[in-house]
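Chemist: Can you keep this structure in mind? I'll have questions shortly.
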Amino acid sequence: MGTIVYYTTGILVLSVFVFIWLERKYPYTKGMPIFRDGFWVDLIWYTFIQSYFLKIFIFDYIIAPLDRTYHLSSLHLVGSWPVALQVLFFLVIHDFYIYWFHRAQHHSKWLWKTHEAHHSNKEVDWLAGTRSHSLEILINQTVEFAPIILLGADPIVVPIKALIDAVWGMYIHSNIDVKSGKLQYFINGPEMHQWHHANDRAVFYANYSTKFAIWDWLFGTAYLPGRKKPTEYGLYYDYPKDYFLQHLFALKKVDERQLSDKYGWFRAYHTSRQRFMTWMLRKSKNN
Ligand SMILES: [Zn+2]
Ligand SMILES: [Zn+2]
């Protein structure tokens with residue numbers, strides 16, 4: 001199992017470099033910087049810290065107790081299938097589920113609160129998709145990984161599935177001008193998912209697919225207007241830039257500027273990152 005972790009990490013890091021290179025070479029939206037607004041929040045908070053803690057919570061505190069109670073995994077219901085078939089099976093059923101849950105999130109006022117963070121980036125690139133409210137990840141990854149464990153799949157299926165999620169997630173959000181032609185009817189990519197993130201009424205209820213675009217075409221929610229591109233991305237209302245406020249926003253609409261004006265402690269916290277960077281810069285210049 002240790003080896004597979006090295007392999008998946010290696011492939012992941014390599015993919016990051018490939019996507020960044022392709023974004024420079026064939027940009028969908030020209031002129032987008034690598035370190036766009038929100039880049040560090042997405043990388044540090046969502047990609048590293050949040051996913052680390054949620055992984056422990058989902059696997060050790062939800063799925064493991066479920067399995068200890070029902071002993072389902074010991075039946076190895078799918079464990080005898082070839083690994084490739086197991087991966088394909090879980091890819092397709094989870095992708096079908098996520099299409100409908102995603103669609104519900106756009107239609108329900110309450111579920112939207114778990115999803116608006118994902119739509120809040122004003123510039124969409126390979127990293128933008130990692131921005132998801134922890135409640136959204138908690139629901140979706142529990143639904144994704146619990147069946148894999150409980151149906152007794154080969155242990156290698158979890159890291160393979162997680163790797164496919166990560167790379168495919170980077171791909172559909174990437175700022176790459178992909179022209180996949182007829183393939184876009186089956187395999188989802190930036191052509192349709194960049195549109196899903198547009199601040200445009202035409203796509204508020206369209207392009208819900210994640211991996212397989214076929215769901216959108218089958219269920220009448222596909223939007224692909226030729227070579228036309230979105231003019232604006234993100235939400236049509238103000239949204240906080242701070243990770244914790246983004247989480248709080250789901251419960252209570254907060255305005256960062258108002259909070260800064262009102263509370264000294266919040267101002268101190270909110271400007272601390274900037275002050276730390278200035279301090280670091282000064283230190284490095286002195287040395
Ligand atoms: Zn969405
Ligand atoms: Zn997305």
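Numbering starts fresh at 1 for the residues of each chain in the structure tokens, the chains themselves are lettered A, B, ... in the order given, and ligands are numbered from 1 as they appear.
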What residues of the protein or nucleic acid chains come within 8 Å of ligand 1 when you use only C-alpha atoms and all ligand atoms? Reply as an MDAnalysis selection string.

Modeler: chainID A and resid 102:103 105:106 115:116 118:119 196:197 204 208

Chemist: Neighbours of ligand 2 at 10 Å or closer, counting only C-alpha atoms and all ligand atoms: which residues, as a list of chain:residue names?

Modeler: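 These are the residues that qualify: A:His115, A:His118, A:His119, A:Ser120, A:Asn121, A:Val124, A:Asp125, A:Trp126, A:Leu127, A:Ala128, A:Gly129, A:Thr130, A:Arg131, A:Ser132, A:Gly169, A:Met170, A:Ile172, A:His173, A:Ser174, A:Pro190, A:His193, A:Gln194, A:Trp195, A:His196, A:His197, A:Asn207, A:Tyr208, A:Ser209, A:Thr210.
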
Chemist: With N, CA and C atoms retained, export the selected residues as a compact mmCIF listing (two decimals), in the first residue's frame.

Modeler:
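The result, written out as out.txt:
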```
# COMPACT_ATOMS: atom_id res chain seq x y z
N HIS A 115 -22.77 24.60 -1.68
CA HIS A 115 -22.12 24.55 -3.00
C HIS A 115 -21.60 25.90 -3.49
N HIS A 118 -17.88 26.60 -3.99
CA HIS A 118 -17.27 26.02 -5.19
C HIS A 118 -17.39 26.95 -6.41
N HIS A 119 -18.43 27.80 -6.36
CA HIS A 119 -18.65 28.71 -7.50
C HIS A 119 -18.06 30.09 -7.25
N SER A 120 -17.33 30.28 -6.15
CA SER A 120 -16.97 31.65 -5.77
C SER A 120 -15.70 32.18 -6.44
N ASN A 121 -14.89 31.33 -7.05
CA ASN A 121 -13.69 31.85 -7.72
C ASN A 121 -14.06 32.68 -8.95
N VAL A 124 -11.09 30.71 -13.01
CA VAL A 124 -11.18 29.26 -12.85
C VAL A 124 -10.00 28.57 -13.54
N ASP A 125 -9.23 27.86 -12.73
CA ASP A 125 -8.07 27.15 -13.27
C ASP A 125 -8.00 25.74 -12.66
N TRP A 126 -6.91 25.03 -12.89
CA TRP A 126 -6.74 23.63 -12.45
C TRP A 126 -6.98 23.45 -10.95
N LEU A 127 -6.74 24.51 -10.16
CA LEU A 127 -6.84 24.41 -8.70
C LEU A 127 -8.23 24.82 -8.17
N ALA A 128 -8.96 25.58 -8.98
CA ALA A 128 -10.21 26.20 -8.51
C ALA A 128 -11.23 25.17 -8.01
N GLY A 129 -11.21 23.98 -8.57
CA GLY A 129 -12.20 22.97 -8.19
C GLY A 129 -12.03 22.43 -6.79
N THR A 130 -10.87 22.66 -6.19
CA THR A 130 -10.65 22.15 -4.84
C THR A 130 -11.47 22.95 -3.82
N ARG A 131 -11.91 24.15 -4.23
CA ARG A 131 -12.68 24.97 -3.28
C ARG A 131 -14.09 24.43 -3.15
N SER A 132 -14.33 23.70 -2.07
CA SER A 132 -15.66 23.15 -1.79
C SER A 132 -15.88 23.22 -0.29
N GLY A 169 -10.68 16.20 -11.76
CA GLY A 169 -11.14 17.48 -11.19
C GLY A 169 -10.28 18.63 -11.68
N MET A 170 -8.97 18.41 -11.71
CA MET A 170 -8.05 19.45 -12.20
C MET A 170 -8.34 19.73 -13.67
N ILE A 172 -11.18 19.22 -15.59
CA ILE A 172 -12.43 19.90 -15.98
C ILE A 172 -12.42 21.39 -15.61
N HIS A 173 -11.66 21.74 -14.56
CA HIS A 173 -11.59 23.15 -14.16
C HIS A 173 -10.47 23.91 -14.87
N SER A 174 -9.54 23.18 -15.47
CA SER A 174 -8.33 23.82 -15.99
C SER A 174 -8.65 24.89 -17.04
N PRO A 190 -13.04 20.93 -19.71
CA PRO A 190 -13.19 22.36 -19.48
C PRO A 190 -14.17 23.04 -20.43
N HIS A 193 -17.30 22.56 -18.37
CA HIS A 193 -17.25 22.91 -16.95
C HIS A 193 -16.80 24.36 -16.71
N GLN A 194 -15.99 24.92 -17.61
CA GLN A 194 -15.67 26.35 -17.49
C GLN A 194 -16.97 27.14 -17.58
N TRP A 195 -17.87 26.72 -18.48
CA TRP A 195 -19.18 27.38 -18.59
C TRP A 195 -19.98 27.22 -17.30
N HIS A 196 -19.88 26.05 -16.67
CA HIS A 196 -20.65 25.83 -15.44
C HIS A 196 -20.28 26.85 -14.36
N HIS A 197 -19.06 27.34 -14.41
CA HIS A 197 -18.61 28.32 -13.41
C HIS A 197 -18.84 29.77 -13.83
N ASN A 207 -24.95 22.00 -17.20
CA ASN A 207 -23.61 21.39 -17.11
C ASN A 207 -23.25 20.91 -15.70
N TYR A 208 -24.07 20.00 -15.19
CA TYR A 208 -23.83 19.49 -13.83
C TYR A 208 -22.84 18.32 -13.80
N SER A 209 -22.54 17.76 -14.95
CA SER A 209 -21.69 16.55 -14.99
C SER A 209 -20.30 16.81 -14.44
N THR A 210 -19.71 15.75 -13.87
CA THR A 210 -18.33 15.86 -13.40
C THR A 210 -17.40 15.12 -14.35
```

Chemist: Atom CA of A:Ala166 and atom CA of A:Ala213 are how many Å apart?

Modeler: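 Between atom CA of A:Ala166 and atom CA of A:Ala213 the gap is 17.1 Å.
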
Chemist: Neighbouring residues of A:Leu245 were defined as those with any atom within 8 Å, considering only C-alpha atoms; residues of the same chain fewer than 4 positions away were excluded. Please report them as a JSON list (two decimals) with N, CA and C atoms, in the first residue's frame.

Modeler:
```json
[["chain", "number", "residue", "atom", "x", "y", "z"],
["A", 240, "PRO", "N", -17.03, 36.20, 0.82],
["A", 240, "PRO", "CA", -15.76, 36.46, 1.52],
["A", 240, "PRO", "C", -14.57, 35.76, 0.87],
["A", 241, "LYS", "N", -13.39, 36.32, 1.11],
["A", 241, "LYS", "CA", -12.15, 35.72, 0.58],
["A", 241, "LYS", "C", -11.49, 34.81, 1.62],
["A", 249, "PHE", "N", -20.31, 31.74, 5.97],
["A", 249, "PHE", "CA", -21.26, 32.34, 5.03],
["A", 249, "PHE", "C", -22.45, 31.41, 4.76],
["A", 254, "VAL", "N", -22.11, 37.13, 5.78],
["A", 254, "VAL", "CA", -21.21, 38.07, 6.44],
["A", 254, "VAL", "C", -20.47, 38.92, 5.41],
["A", 256, "GLU", "N", -17.03, 40.96, 4.90],
["A", 256, "GLU", "CA", -15.68, 41.12, 5.47],
["A", 256, "GLU", "C", -15.35, 42.57, 5.81]]
```

Chemist: Please measure the separation of atom CA of A:Arg267 and atom CA of A:Leu248, giving the value in Å to one decimal.

Modeler: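 Interatomic distance, atom CA of A:Arg267 to atom CA of A:Leu248: 16.7 Å.
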
Chemist: Quick one: DSSP helix (DSSP H, G or I) residues in stretch 30-259 of chain A, as a ChimeraX atom specification?

Modeler: /A:39-70,73-75,83-107,109-112,116-119,128-130,134-150,157-173,181-185,190-196,201-203,214-218,243-249,256-259

Chemist: Which residues are near stretch 82-87 of chain A? Cut-off 10 Å, only C-alpha atoms, ignore same chain within fewer than 3 positions. Put them as a PyMOL selection string.

Modeler: chain A and resi 78-79+90-92+148+153-158+160-161+164

Chemist: So how many Å separate atom CA of A:Thr271 and atom CA of A:Leu235, to one decimal?

Modeler: 24.1 Å

Chemist: Compile the contact shell of A:Ser73 as a list in words: residues with an atom at most 9 Å away, counting only C-alpha atoms, same-chain residues fewer than 3 positions apart removed.

Modeler: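 Answer for this query is Asp67, Tyr70, His76, Leu77, Ile148, Ile149, Leu150, Leu151, Gly152 and Ala153 of chain A.
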
Chemist: Take the residues that were just selected and, keeping N, CA and C atoms, output them as a PDB file, in the first residue's frame.

Modeler:
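Produced file again.pdb, reproduced below:
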```pdb
ATOM      1  N   ASP A  67     -18.721   0.088   9.331  1.00  0.00           N
ATOM      2  CA  ASP A  67     -18.291  -1.262   8.985  1.00  0.00           C
ATOM      3  C   ASP A  67     -18.179  -2.153  10.230  1.00  0.00           C
ATOM      4  N   TYR A  70     -21.874  -3.168  10.962  1.00  0.00           N
ATOM      5  CA  TYR A  70     -22.599  -4.064  10.051  1.00  0.00           C
ATOM      6  C   TYR A  70     -21.740  -5.179   9.434  1.00  0.00           C
ATOM      7  N   HIS A  76     -17.007  -9.245   1.162  1.00  0.00           N
ATOM      8  CA  HIS A  76     -16.250  -9.047  -0.097  1.00  0.00           C
ATOM      9  C   HIS A  76     -17.152  -9.161  -1.328  1.00  0.00           C
ATOM     10  N   LEU A  77     -18.225  -8.397  -1.314  1.00  0.00           N
ATOM     11  CA  LEU A  77     -19.219  -8.543  -2.382  1.00  0.00           C
ATOM     12  C   LEU A  77     -18.677  -8.245  -3.773  1.00  0.00           C
ATOM     13  N   ILE A 148     -17.354   1.678  -1.386  1.00  0.00           N
ATOM     14  CA  ILE A 148     -16.117   0.979  -1.785  1.00  0.00           C
ATOM     15  C   ILE A 148     -15.621   0.105  -0.630  1.00  0.00           C
ATOM     16  N   ILE A 149     -15.663   0.678   0.569  1.00  0.00           N
ATOM     17  CA  ILE A 149     -15.199  -0.080   1.743  1.00  0.00           C
ATOM     18  C   ILE A 149     -16.226  -1.150   2.129  1.00  0.00           C
ATOM     19  N   LEU A 150     -17.491  -0.721   2.199  1.00  0.00           N
ATOM     20  CA  LEU A 150     -18.518  -1.637   2.722  1.00  0.00           C
ATOM     21  C   LEU A 150     -18.805  -2.810   1.784  1.00  0.00           C
ATOM     22  N   LEU A 151     -18.611  -2.601   0.488  1.00  0.00           N
ATOM     23  CA  LEU A 151     -18.828  -3.717  -0.438  1.00  0.00           C
ATOM     24  C   LEU A 151     -17.576  -4.583  -0.578  1.00  0.00           C
ATOM     25  N   GLY A 152     -16.590  -4.278   0.247  1.00  0.00           N
ATOM     26  CA  GLY A 152     -15.400  -5.133   0.293  1.00  0.00           C
ATOM     27  C   GLY A 152     -14.538  -5.086  -0.954  1.00  0.00           C
ATOM     28  N   ALA A 153     -14.402  -3.886  -1.550  1.00  0.00           N
ATOM     29  CA  ALA A 153     -13.556  -3.761  -2.744  1.00  0.00           C
ATOM     30  C   ALA A 153     -12.094  -3.979  -2.373  1.00  0.00           C
TER      31      ALA A 153
END
```
